[in-house]
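**Student:** So here's run-v3.txt, just compact mmCIF, C-alpha atoms:
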```txt
# COMPACT_ATOMS: atom_id res chain seq x y z
CA THR H 374 43.20 80.01 125.87
CA TRP H 375 44.47 79.39 122.35
CA GLN H 376 46.94 76.54 122.09
CA ARG H 377 49.10 76.54 118.97
CA PRO H 378 47.41 73.61 117.15
CA ARG H 379 43.98 75.18 117.64
CA PHE H 380 45.37 78.55 116.62
CA ASP H 381 46.89 77.14 113.43
CA LEU H 382 43.61 75.38 112.62
CA ALA H 383 41.73 78.68 112.95
CA VAL H 384 44.20 80.37 110.62
CA LEU H 385 43.81 77.57 108.08
CA ILE H 386 40.01 77.78 108.21
CA CYS H 387 40.13 81.56 107.65
CA ARG H 388 42.38 81.16 104.64
CA VAL H 389 40.22 78.42 103.13
CA LEU H 390 37.04 80.45 103.61
CA GLY H 391 38.69 83.47 102.04
CA ASN H 392 39.51 81.52 98.89
CA VAL H 393 36.43 79.40 98.32
CA ASP H 394 34.18 80.67 95.54
CA GLN H 395 31.15 81.02 97.82
CA PRO H 396 31.37 84.50 99.36
CA GLY H 397 27.70 84.49 100.30
CA GLU H 398 28.43 81.71 102.78
CA ALA H 399 32.00 82.62 103.72
CA VAL H 400 31.49 86.30 104.58
CA PRO H 401 28.94 85.80 107.42
CA VAL H 402 31.14 83.12 109.04
CA LEU H 403 34.28 85.23 108.79
CA ALA H 404 32.41 88.32 110.00
CA ARG H 405 31.20 86.56 113.13
CA PHE H 406 34.65 85.17 113.81
CA LEU H 407 36.25 88.61 113.34
CA GLN H 408 33.78 90.33 115.62
CA ASN H 409 34.65 87.88 118.43
CA ALA H 410 38.40 87.63 117.79
CA LYS H 411 40.78 89.30 120.21
CA HIS H 412 44.21 87.92 119.30
CA PRO H 413 45.87 90.30 116.78
CA GLU H 414 47.04 87.51 114.49
CA LEU H 415 43.57 85.98 114.28
CA VAL H 416 42.04 89.42 113.72
CA LEU H 417 44.45 89.98 110.84
CA GLU H 418 43.88 86.55 109.31
CA ALA H 419 40.10 86.94 109.40
CA SER H 420 40.32 90.44 107.93
CA LEU H 421 42.60 89.35 105.10
CA ALA H 422 40.32 86.40 104.41
CA LEU H 423 37.38 88.78 104.09
CA CYS H 424 39.41 90.85 101.64
CA SER H 425 40.12 87.69 99.63
CA THR H 426 36.41 86.94 99.18
CA GLY H 427 36.07 89.91 96.82
CA ALA H 428 32.53 90.54 98.15
CA THR H 429 30.88 93.92 98.68
CA ASP H 430 29.45 92.55 101.93
CA ALA H 431 33.03 92.16 103.16
CA PHE H 432 33.57 95.86 102.47
CA ASN H 433 30.83 96.79 104.92
CA VAL H 434 32.10 94.39 107.58
CA LEU H 435 35.65 95.74 107.39
CA VAL H 436 34.83 99.44 107.56
CA GLY H 437 32.73 98.62 110.61
CA GLU H 438 35.68 96.85 112.19
CA MET H 439 37.90 99.84 111.38
CA ARG H 440 35.58 102.07 113.37
CA ASN H 441 35.60 99.64 116.29
CA ARG H 442 39.31 98.75 116.30
CA GLY H 443 40.94 101.96 115.08
CA LEU H 444 43.50 103.01 112.52
CA ASP H 445 46.36 100.84 113.79
CA TYR H 446 44.23 97.84 112.87
CA TRP H 447 43.28 99.43 109.58
CA ARG H 448 46.84 100.05 108.41
CA ASP H 449 47.48 96.30 108.56
CA VAL H 450 44.60 95.48 106.21
CA GLU H 451 44.22 98.61 104.07
CA SER H 452 46.28 97.42 101.11
CA ALA H 453 44.29 94.17 100.88
CA PHE H 454 41.01 96.05 101.39
CA ALA H 455 41.83 98.16 98.32
CA GLY H 456 40.98 95.20 96.10
CA LEU H 457 37.38 94.93 97.31
CA PRO H 458 34.65 96.35 95.06
CA MET H 459 32.70 99.28 96.46
CA PRO H 460 29.06 98.61 97.30
CA GLU H 461 26.40 100.63 95.51
CA ARG H 462 25.96 103.05 98.42
CA VAL H 463 29.66 103.97 98.19
CA ARG H 464 29.70 104.21 94.40
CA ASP H 465 26.72 106.59 94.56
CA PRO H 466 26.91 108.16 98.04
CA GLN H 467 23.81 109.68 99.59
CA SER H 468 24.70 110.07 103.26
CA VAL H 469 27.61 111.37 105.35
CA THR H 470 28.65 107.81 106.17
CA ASP H 471 28.58 106.84 102.50
CA TRP H 472 30.89 109.75 101.59
CA ILE H 473 33.24 108.91 104.47
CA ASP H 474 33.38 105.27 103.39
CA ARG H 475 34.11 106.41 99.85
CA SER H 476 36.98 108.51 101.17
CA ILE H 477 38.30 105.48 103.05
CA ALA H 478 38.07 103.28 99.95
CA LEU H 479 39.78 105.80 97.68
CA ARG H 480 42.56 106.40 100.19
CA SER H 481 43.22 102.67 100.38
CA ARG H 482 43.63 102.69 96.58
CA GLY H 483 46.11 105.56 96.64
CA ASP H 484 43.64 108.09 95.20
CA PHE H 485 44.30 110.73 97.83
CA ALA H 486 42.83 113.60 95.81
CA GLY H 487 39.62 111.62 95.40
CA ALA H 488 39.65 110.79 99.11
CA GLU H 489 39.89 114.52 99.93
CA THR H 490 36.98 115.30 97.62
CA ALA H 491 34.83 112.59 99.18
CA ALA H 492 35.61 113.90 102.68
CA ASP H 493 34.74 117.41 101.48
CA ARG H 494 31.36 116.14 100.34
CA ALA H 495 30.83 114.48 103.72
CA LEU H 496 31.48 117.83 105.41
CA ILE H 497 29.04 119.55 103.09
CA ALA H 498 26.45 117.02 104.22
CA ASP H 499 27.37 117.49 107.88
CA GLU H 500 29.79 120.24 108.80
CA ARG H 501 30.06 118.88 112.33
CA SER H 502 31.18 115.38 111.40
CA ALA H 503 34.39 114.77 113.36
CA GLU H 504 34.95 111.54 111.43
CA ALA H 505 34.82 113.41 108.11
CA TYR H 506 37.44 115.85 109.39
CA LEU H 507 39.62 112.92 110.49
CA ASN H 508 39.44 111.26 107.09
CA ARG H 509 40.13 114.48 105.23
CA ALA H 510 43.13 114.99 107.50
CA LEU H 511 44.44 111.53 106.58
CA ALA H 512 44.08 112.37 102.89
CA HIS H 513 45.81 115.74 103.38
CA ARG H 514 48.66 114.03 105.16
CA ALA H 515 49.02 111.43 102.42
CA ASN H 516 49.15 114.28 99.92
CA GLY H 517 52.02 115.93 101.83
CA ARG H 518 50.04 118.76 103.42
CA PRO H 519 50.63 118.37 107.17
CA GLY H 520 49.44 121.88 108.01
CA GLU H 521 45.99 121.24 106.54
CA ALA H 522 45.93 117.81 108.18
CA GLU H 523 46.64 119.36 111.59
CA ALA H 524 43.91 121.96 111.07
CA ASP H 525 41.35 119.24 110.28
CA LEU H 526 42.38 117.13 113.26
CA THR H 527 42.07 120.16 115.50
CA ALA H 528 38.60 120.83 114.06
CA ALA H 529 37.62 117.22 114.78
CA LEU H 530 38.76 117.58 118.38
CA LYS H 531 36.85 120.83 118.82
CA ILE H 532 33.71 118.95 117.83
CA ASN H 533 34.59 115.93 119.97
CA PRO H 534 37.43 116.52 122.47
CA GLN H 535 37.35 112.81 123.38
CA TYR H 536 37.85 111.54 119.83
CA TYR H 537 40.51 108.90 120.46
CA GLU H 538 41.56 108.43 116.82
CA ALA H 539 42.01 112.17 116.27
CA LEU H 540 44.13 112.46 119.43
CA ILE H 541 46.44 109.65 118.32
CA GLU H 542 46.73 110.92 114.74
CA ARG H 543 47.37 114.54 115.70
CA GLY H 544 50.00 113.41 118.20
CA ARG H 545 51.79 111.40 115.50
CA LEU H 546 51.55 114.28 113.04
CA LEU H 547 53.07 116.77 115.48
CA ASN H 548 55.94 114.42 116.28
CA ASP H 549 56.76 113.91 112.61
CA GLY H 550 58.03 117.48 112.35
CA PRO H 551 61.53 118.88 112.98
CA ILE H 552 61.20 119.21 116.74
CA PHE H 553 63.70 118.61 119.53
CA THR H 554 61.40 117.54 122.34
CA PRO H 555 58.48 115.11 122.15
CA VAL H 556 54.95 116.52 121.93
CA VAL H 557 52.92 114.11 124.01
CA ASP H 558 49.86 116.03 125.23
CA ASP H 559 47.54 114.34 122.73
CA PHE H 560 48.89 110.90 123.57
CA THR H 561 48.53 111.58 127.28
CA ALA H 562 44.94 112.71 126.72
CA ALA H 563 44.28 109.49 124.79
CA ILE H 564 45.78 107.42 127.61
CA ASP H 565 43.66 109.25 130.17
CA LEU H 566 40.60 108.57 128.03
CA LEU H 567 41.31 104.83 127.52
CA PRO H 568 44.04 103.80 129.96
CA ASN H 569 43.68 100.10 129.12
CA ASN H 570 44.16 100.60 125.38
CA TRP H 571 47.71 99.74 124.34
CA ARG H 572 47.73 102.10 121.37
CA GLY H 573 48.14 105.34 123.31
CA TRP H 574 51.00 103.93 125.38
CA ARG H 575 52.84 102.68 122.32
CA ALA H 576 52.35 105.93 120.40
CA ARG H 577 53.66 107.99 123.31
CA GLY H 578 56.54 105.57 123.84
CA HIS H 579 57.60 106.01 120.23
CA ALA H 580 57.44 109.80 120.52
CA TYR H 581 59.67 109.65 123.60
CA GLY H 582 62.03 107.14 122.03
CA ILE H 583 62.80 109.04 118.84
CA ARG H 584 63.51 112.16 120.91
CA TYR H 585 65.97 110.40 123.25
CA LYS H 586 63.68 110.29 126.29
CA LEU H 587 64.56 106.66 126.72
CA ASP H 588 63.43 106.04 130.30
CA ASP H 589 59.99 107.42 129.49
CA ALA H 590 59.90 105.38 126.28
CA ILE H 591 60.76 102.17 128.13
CA ARG H 592 57.99 102.78 130.66
CA ASP H 593 55.37 103.32 127.96
CA TYR H 594 56.45 100.44 125.73
CA ASP H 595 56.48 98.07 128.69
CA LYS H 596 52.94 99.16 129.52
CA ALA H 597 51.82 98.70 125.90
CA ILE H 598 53.20 95.14 125.86
CA GLU H 599 51.62 94.42 129.24
CA LEU H 600 48.22 95.47 127.85
CA GLU H 601 48.67 93.74 124.48
CA PRO H 602 51.45 91.12 124.55
CA ASN H 603 50.59 89.57 121.19
CA ARG H 604 51.59 92.28 118.70
CA LEU H 605 54.95 91.56 117.11
CA ASP H 606 55.21 95.03 115.56
CA THR H 607 55.30 96.55 119.06
CA TYR H 608 58.27 94.37 119.99
CA LEU H 609 60.10 95.25 116.77
CA GLU H 610 59.48 98.98 117.12
CA TYR H 611 60.55 98.94 120.78
CA ALA H 612 63.71 96.99 119.96
CA GLU H 613 64.57 99.46 117.19
CA ILE H 614 64.33 102.33 119.68
CA LEU H 615 66.59 100.49 122.14
CA GLN H 616 69.06 99.62 119.39
CA GLY H 617 69.18 103.20 118.17
CA GLN H 618 70.03 104.36 121.68
CA GLY H 619 72.83 101.81 122.05
CA ARG H 620 70.97 99.67 124.59
CA LYS H 621 72.13 96.49 122.91
CA ASN H 622 71.60 94.05 125.78
CA GLU H 623 68.03 95.19 126.45
CA ALA H 624 67.27 95.08 122.71
CA ASP H 625 68.75 91.58 122.41
CA ALA H 626 66.72 90.34 125.37
CA LEU H 627 63.53 91.82 123.90
CA LEU H 628 64.14 90.33 120.46
CA THR H 629 64.95 86.96 122.02
CA LYS H 630 61.52 87.05 123.65
CA ALA H 631 60.04 87.83 120.24
CA VAL H 632 61.96 84.97 118.61
CA ASN H 633 60.69 82.56 121.26
CA LYS H 634 57.13 83.86 120.93
CA TRP H 635 57.06 83.95 117.11
CA PRO H 636 59.69 81.40 116.01
CA GLU H 637 58.11 80.99 112.57
CA ASP H 638 58.11 84.71 111.74
CA SER H 639 61.20 85.72 109.79
CA ARG H 640 60.98 89.33 111.00
CA THR H 641 62.04 88.36 114.50
CA TRP H 642 65.18 86.60 113.28
CA THR H 643 65.98 89.42 110.87
CA ALA H 644 65.74 92.09 113.54
CA ARG H 645 67.95 90.13 115.94
CA CYS H 646 70.59 89.30 113.33
CA TRP H 647 70.86 92.98 112.39
CA LEU H 648 71.26 93.96 116.06
CA ARG H 649 73.84 91.26 116.71
CA ARG H 650 75.80 92.16 113.58
CA GLU H 651 75.84 95.86 114.49
CA PHE H 652 77.04 95.33 118.06
CA GLY H 653 79.16 92.22 117.54
CA LEU H 654 77.04 90.13 119.90
CA GLY H 655 77.76 86.90 118.03
CA ARG H 656 75.60 84.31 116.26
CA ALA H 657 74.27 86.88 113.81
CA ILE H 658 74.89 84.53 110.89
CA GLU H 659 72.72 81.81 112.46
CA ASP H 660 69.86 84.28 112.86
CA ALA H 661 70.28 85.58 109.31
CA LEU H 662 70.24 82.09 107.80
CA LYS H 663 67.18 81.14 109.86
CA ALA H 664 65.39 84.27 108.64
CA VAL H 665 66.01 83.51 104.97
CA GLU H 666 65.07 79.87 105.50
CA LEU H 667 61.67 81.06 106.72
CA ASN H 668 61.39 83.78 104.09
CA PRO H 669 63.82 83.81 101.14
CA LYS H 670 62.74 87.42 100.43
CA GLU H 671 64.15 88.82 103.70
CA ALA H 672 66.52 91.33 102.10
CA LYS H 673 67.99 92.63 105.36
CA ALA H 674 68.88 89.14 106.54
CA TRP H 675 70.66 88.42 103.24
CA ASP H 676 72.41 91.77 103.66
CA VAL H 677 73.69 90.80 107.10
CA ALA H 678 74.87 87.44 105.76
CA SER H 679 76.80 89.16 102.96
CA GLN H 680 78.57 91.40 105.48
CA ILE H 681 79.57 88.46 107.65
CA TYR H 682 80.80 86.51 104.66
CA PHE H 683 82.94 89.51 103.75
CA ALA H 684 84.52 89.48 107.20
CA ARG H 685 85.30 85.80 106.67
CA SER H 686 86.75 86.42 103.17
CA ASP H 687 84.09 84.10 101.79
CA PHE H 688 83.55 86.27 98.73
CA LEU H 689 81.58 83.87 96.54
CA GLN H 690 78.98 83.19 99.24
CA GLY H 691 78.96 86.91 99.96
CA ILE H 692 78.21 87.72 96.31
CA ASP H 693 75.36 85.22 96.34
CA ALA H 694 73.88 86.63 99.59
CA ALA H 695 74.16 90.23 98.42
CA THR H 696 72.59 89.32 95.08
CA ARG H 697 69.65 87.70 96.85
CA ALA H 698 69.28 90.83 98.98
CA VAL H 699 69.12 93.24 96.04
CA GLU H 700 66.78 90.93 94.14
CA ALA H 701 64.44 90.86 97.13
CA ASP H 702 64.67 94.63 97.65
CA PRO H 703 66.44 96.78 95.05
CA ASN H 704 66.50 99.64 97.57
CA GLU H 705 68.70 97.71 100.01
CA TRP H 706 71.66 99.97 99.23
CA LEU H 707 74.09 98.38 101.68
CA ALA H 708 73.76 95.07 99.86
CA TRP H 709 74.75 96.76 96.58
CA TYR H 710 77.75 98.24 98.37
CA TYR H 711 78.87 94.93 99.83
CA ARG H 712 78.34 93.09 96.57
CA GLY H 713 80.71 95.57 94.96
CA LEU H 714 83.26 94.97 97.73
CA HIS H 715 82.90 91.22 97.35
CA TYR H 716 83.45 91.38 93.58
CA TYR H 717 86.48 93.61 94.03
CA GLN H 718 88.13 91.51 96.73
CA TRP H 719 87.35 88.29 94.90
CA ALA H 720 88.98 89.69 91.76
CA MET H 721 92.00 90.80 93.78
CA LYS H 722 92.29 87.35 95.31
CA GLU H 723 92.04 85.65 91.92
CA ASP H 724 94.61 88.04 90.46
CA ALA H 725 96.95 87.37 93.37
CA ALA H 726 96.63 83.61 92.91
CA PHE H 727 97.43 83.97 89.20
CA TYR H 728 100.33 86.40 89.43
CA ASN H 729 101.96 84.64 92.37
CA THR H 730 102.41 81.57 90.18
CA ARG H 731 104.64 83.55 87.82
CA ASP H 732 108.41 83.78 88.31
CA ASP H 733 108.96 87.01 86.34
CA GLY H 734 108.23 89.31 89.28
CA ALA H 735 104.90 90.48 87.90
CA GLY H 736 103.16 89.46 91.08
CA ARG H 737 105.15 91.77 93.40
CA GLY H 738 102.94 94.01 95.50
CA ILE H 739 99.77 92.01 94.98
CA VAL H 740 97.80 91.41 98.17
CA GLU H 741 97.90 87.70 98.91
CA ASN H 742 94.93 87.65 101.25
CA PRO H 743 92.89 90.79 100.73
CA GLY H 744 90.25 89.68 103.19
CA GLN H 745 92.60 89.99 106.18
CA SER H 746 91.92 93.70 106.53
CA ALA H 747 88.14 93.32 106.43
CA SER H 748 86.22 94.21 109.55
CA ASP H 749 85.43 91.26 111.75
CA PHE H 750 81.79 91.28 112.82
```
Would you mind giving the structure from this file in structure tokens?
**Tutor:**
Amino acid sequence: TWQRPRFDLAVLICRVLGNVDQPGEAVPVLARFLQNAKHPELVLEASLALCSTGATDAFNVLVGEMRNRGLDYWRDVESAFAGLPMPERVRDPQSVTDWIDRSIALRSRGDFAGAETAADRALIADERSAEAYLNRALAHRANGRPGEAEADLTAALKINPQYYEALIERGRLLNDGPIFTPVVDDFTAAIDLLPNNWRGWRARGHAYGIRYKLDDAIRDYDKAIELEPNRLDTYLEYAEILQGQGRKNEADALLTKAVNKWPEDSRTWTARCWLRREFGLGRAIEDALKAVELNPKEAKAWDVASQIYFARSDFLQGIDAATRAVEADPNEWLAWYYRGLHYYQWAMKEDAAFYNTRDDGAGRGIVENPGQSASDF
């Protein structure tokens, strides 16, 4: 059982090993630790540390872990993996595995056309490689060709009907389309294949949730958390589904569990402050301020703070919060909107204060307290 001090020490050791300039010694230690790690946070820390070593040996370790742990694991580390140099066998591929690994590396770097070409070459080497079809499908999908991606995933499953990764990916692809009912056959097949793997339950729960099959979604998400209780992203995704369906109390209870379990992760506080602001559950400002204390780049938390300051007619603090939000994420459109409102109302308030001091009647009709009509969150 990992107690928090021991856990934090393991994280620190991983980070130190990842940054020492001795990759020949660090990589074997990190590789052994990663192979034995079960807790998702320790798995991620060890993987990121391997990426930080900049060693070609780390490349080989990580693609091996991807095959063992699956694509949900890989999506967490892919962007960091992109910085690793390719080993010689991947730079000059000779085997099916080499071409597949080249496709994986190029996809991580955003070279989706190159990833497709590498997967093509893998299929030339072995036309019955289900893994090559899977990786070409991922490149097709990244290039915006879902039809070709589906065809490749179907080909992979014809070769190996029990290919867990292809089942999960085809299920997600089919549910991305403009459909009215969830398509869950692939997820159900994955669950039947590996009933103790949380990934199938979560994927099916999400498909149900976005198609308003909430009772089924709740059942599957609860099962996913039962099987893997240490993945924060599952809690956040589940809470978002509940929030979108108006189940505010269940979402608040779930996010409170996440806050208690991960009190040092700003994402938990941000998600709860947004929920509490939307449904008027109270104490949203405390959650927002805690989130930005932990991570000053939490744009959504600053956004929530700016909205609450607007309701309180605290326009200067609102301008500051909205500014921090748009600096952290220029695409946070609601923060731009509220900053405009804050500037406008602040100007109105200043104008009112000025004109109301005059005795020539010029101040008639000016709103004395423009913030009174603002929504109260």
**Student:** Kindly assemble as JSON lines a list of the range 377-454 of chain H residues that lie within 10 Å of range 567-587 of chain H, each paired with its nearest atom pair and their distance in Å to one decimal, using all atoms listed in the file, sorted first by chain and then by ascending residue number.
**Tutor:**
```
{"residue": "H:Gly443", "atom": "CA", "partner": "H:Arg572", "partner_atom": "CA", "distance": 9.3}
{"residue": "H:Leu444", "atom": "CA", "partner": "H:Arg572", "partner_atom": "CA", "distance": 9.9}
{"residue": "H:Asp445", "atom": "CA", "partner": "H:Arg572", "partner_atom": "CA", "distance": 7.8}
```
**Student:** For Gln680 in chain H, which residue out of H:Val699, H:Ile658, H:Leu609, H:Val463 is the nearest one, using only C-alpha atoms?
**Tutor:**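 Looking only at the distances to Gln680 in chain H, the closest residue turns out to be H:Ile658.
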**Student:** Could you jot down the CA of Phe454 in chain H to CA of Asp471 in chain H separation for me, Å, one decimal place?
**Tutor:**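 Rounded to one decimal, the two atoms are 16.5 Å apart.
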**Student:** Which residue, H:Lys634, H:Arg509, H:Arg545, H:Lys673, has the smallest gap to Phe560 in chain H when you use only C-alpha atoms?
**Tutor:**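 Selected residue with least distance to Phe560 in chain H: H:Arg545.
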**Student:** If we count all atoms listed in the file and set the cut-off at 12 Å, which residues sit around range 400-410 of chain H, ignoring sequence neighbours fewer than 3 positions away in its own chain? Please answer as a PyMOL selection string.
**Tutor:** chain H and resi 375+380+383-384+386-397+413-439+441-442
**Student:** Fewer than 6 positions away in the same chain doesn't count, so skip those; otherwise give me all residues within 6 Å of range 521-534 of chain H, counting all atoms listed in the file, as a PyMOL selection string.
**Tutor:** chain H and resi 503+506-507+510+513-514
**Student:** Which residue is closest to Ala694 in chain H? Choose from H:Lys411, H:Leu457, H:Val665, H:Gln718 and count only C-alpha atoms.
**Tutor:**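 Residue with the minimum atom-to-atom distance to Ala694 in chain H: H:Val665.
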**Student:** Which is closest to Pro519 in chain H among H:Lys670, H:Asp493, H:Asn548, H:Tyr537, if we use all atoms listed in the file?
**Tutor:**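 Closest to Pro519 in chain H of all the choices is H:Asn548.
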**Student:** Could you check the closest approach to Ile564 in chain H for each of H:Leu654, H:Cys646, H:Leu546, H:Ala597 and tell me which residue wins, using only C-alpha atoms?
**Tutor:**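 Among the listed residues, H:Ala597 lies closest to Ile564 in chain H.
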**Student:** Could you please determine the separation between CA of Asp702 in chain H and CA of Trp642 in chain H in Å, to one decimal place?
**Tutor:** 17.6 Å
**Student:** For range 615-621 of chain H, take all atoms listed in the file, fit an axis-aligned box around them, add 3 Å to each of the six sides, then output centre and edge lengths in Å rounded to one decimal, as AutoDock Vina command-line options.
**Tutor:**
```
--center_x 69.7 --center_y 100.4 --center_z 121.4 --size_x 12.2 --size_y 13.9 --size_z 12.4
```
**Student:** Find the residues near Asp687 in chain H: any atom within 9 Å, counting all atoms listed in the file, skip ones fewer than 5 places away on the same chain, and give them as a VMD selection string.
**Tutor:** chain H and resid 679 681 to 682 692 715 719 744
**Student:** To one decimal place, how far is CA of Glu500 in chain H from CA of Gly517 in chain H in Å?
**Tutor:**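 Between CA of Glu500 in chain H and CA of Gly517 in chain H the gap is 23.7 Å.
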**Student:** Let me make sure I understand: among H:Leu689, H:Gly619, H:Leu627, H:Asp589, which one has the smallest atom-to-atom distance to Thr607 in chain H if we use only C-alpha atoms?
**Tutor:**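 Smallest separation from Thr607 in chain H among the options: H:Leu627.
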**Student:** Rebuild N, CA and C atoms on range 466-490 of chain H, as a short mmCIF file (atom, residue, chain, number, x, y, z; two decimals), in the coordinates of the input?
**Tutor:**
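Resulting contents of rebuild_11.cif:
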```cif
data_model
loop_
_atom_site.label_atom_id
_atom_site.label_comp_id
_atom_site.auth_asym_id
_atom_site.auth_seq_id
_atom_site.Cartn_x
_atom_site.Cartn_y
_atom_site.Cartn_z
N PRO H 466 27.17 107.81 96.64
CA PRO H 466 26.91 108.16 98.04
C PRO H 466 25.71 109.09 98.21
N GLN H 467 24.97 108.84 99.27
CA GLN H 467 23.81 109.68 99.59
C GLN H 467 23.89 110.26 100.99
N SER H 468 24.64 109.63 101.87
CA SER H 468 24.70 110.07 103.26
C SER H 468 26.13 110.42 103.65
N VAL H 469 26.27 111.03 104.83
CA VAL H 469 27.61 111.37 105.35
C VAL H 469 28.46 110.11 105.46
N THR H 470 27.89 109.05 106.01
CA THR H 470 28.65 107.81 106.17
C THR H 470 29.09 107.24 104.83
N ASP H 471 28.21 107.33 103.84
CA ASP H 471 28.58 106.84 102.50
C ASP H 471 29.78 107.61 101.95
N TRP H 472 29.76 108.94 102.10
CA TRP H 472 30.89 109.75 101.59
C TRP H 472 32.16 109.44 102.36
N ILE H 473 32.05 109.24 103.68
CA ILE H 473 33.24 108.91 104.47
C ILE H 473 33.80 107.56 104.03
N ASP H 474 32.91 106.59 103.83
CA ASP H 474 33.38 105.27 103.39
C ASP H 474 34.00 105.34 102.00
N ARG H 475 33.49 106.22 101.17
CA ARG H 475 34.11 106.41 99.85
C ARG H 475 35.51 106.99 100.00
N SER H 476 35.66 107.94 100.91
CA SER H 476 36.98 108.51 101.17
C SER H 476 37.95 107.43 101.66
N ILE H 477 37.47 106.57 102.54
CA ILE H 477 38.30 105.48 103.05
C ILE H 477 38.72 104.55 101.92
N ALA H 478 37.78 104.19 101.05
CA ALA H 478 38.07 103.28 99.95
C ALA H 478 39.07 103.89 98.98
N LEU H 479 38.88 105.16 98.63
CA LEU H 479 39.78 105.80 97.68
C LEU H 479 41.17 105.97 98.27
N ARG H 480 41.24 106.27 99.55
CA ARG H 480 42.56 106.40 100.19
C ARG H 480 43.29 105.07 100.19
N SER H 481 42.58 103.98 100.39
CA SER H 481 43.22 102.67 100.38
C SER H 481 43.79 102.34 99.00
N ARG H 482 43.18 102.93 97.95
CA ARG H 482 43.63 102.69 96.58
C ARG H 482 44.68 103.69 96.11
N GLY H 483 45.09 104.57 97.00
CA GLY H 483 46.11 105.56 96.64
C GLY H 483 45.56 106.77 95.93
N ASP H 484 44.25 106.91 95.83
CA ASP H 484 43.64 108.09 95.20
C ASP H 484 43.38 109.12 96.29
N PHE H 485 44.43 109.82 96.70
CA PHE H 485 44.30 110.73 97.83
C PHE H 485 43.51 111.99 97.48
N ALA H 486 43.63 112.44 96.23
CA ALA H 486 42.83 113.60 95.81
C ALA H 486 41.34 113.25 95.85
N GLY H 487 41.01 112.06 95.35
CA GLY H 487 39.62 111.62 95.40
C GLY H 487 39.13 111.45 96.83
N ALA H 488 40.02 110.96 97.71
CA ALA H 488 39.65 110.79 99.11
C ALA H 488 39.36 112.15 99.76
N GLU H 489 40.16 113.16 99.42
CA GLU H 489 39.89 114.52 99.93
C GLU H 489 38.54 115.02 99.46
N THR H 490 38.25 114.83 98.18
CA THR H 490 36.98 115.30 97.62
C THR H 490 35.80 114.63 98.30
#
```
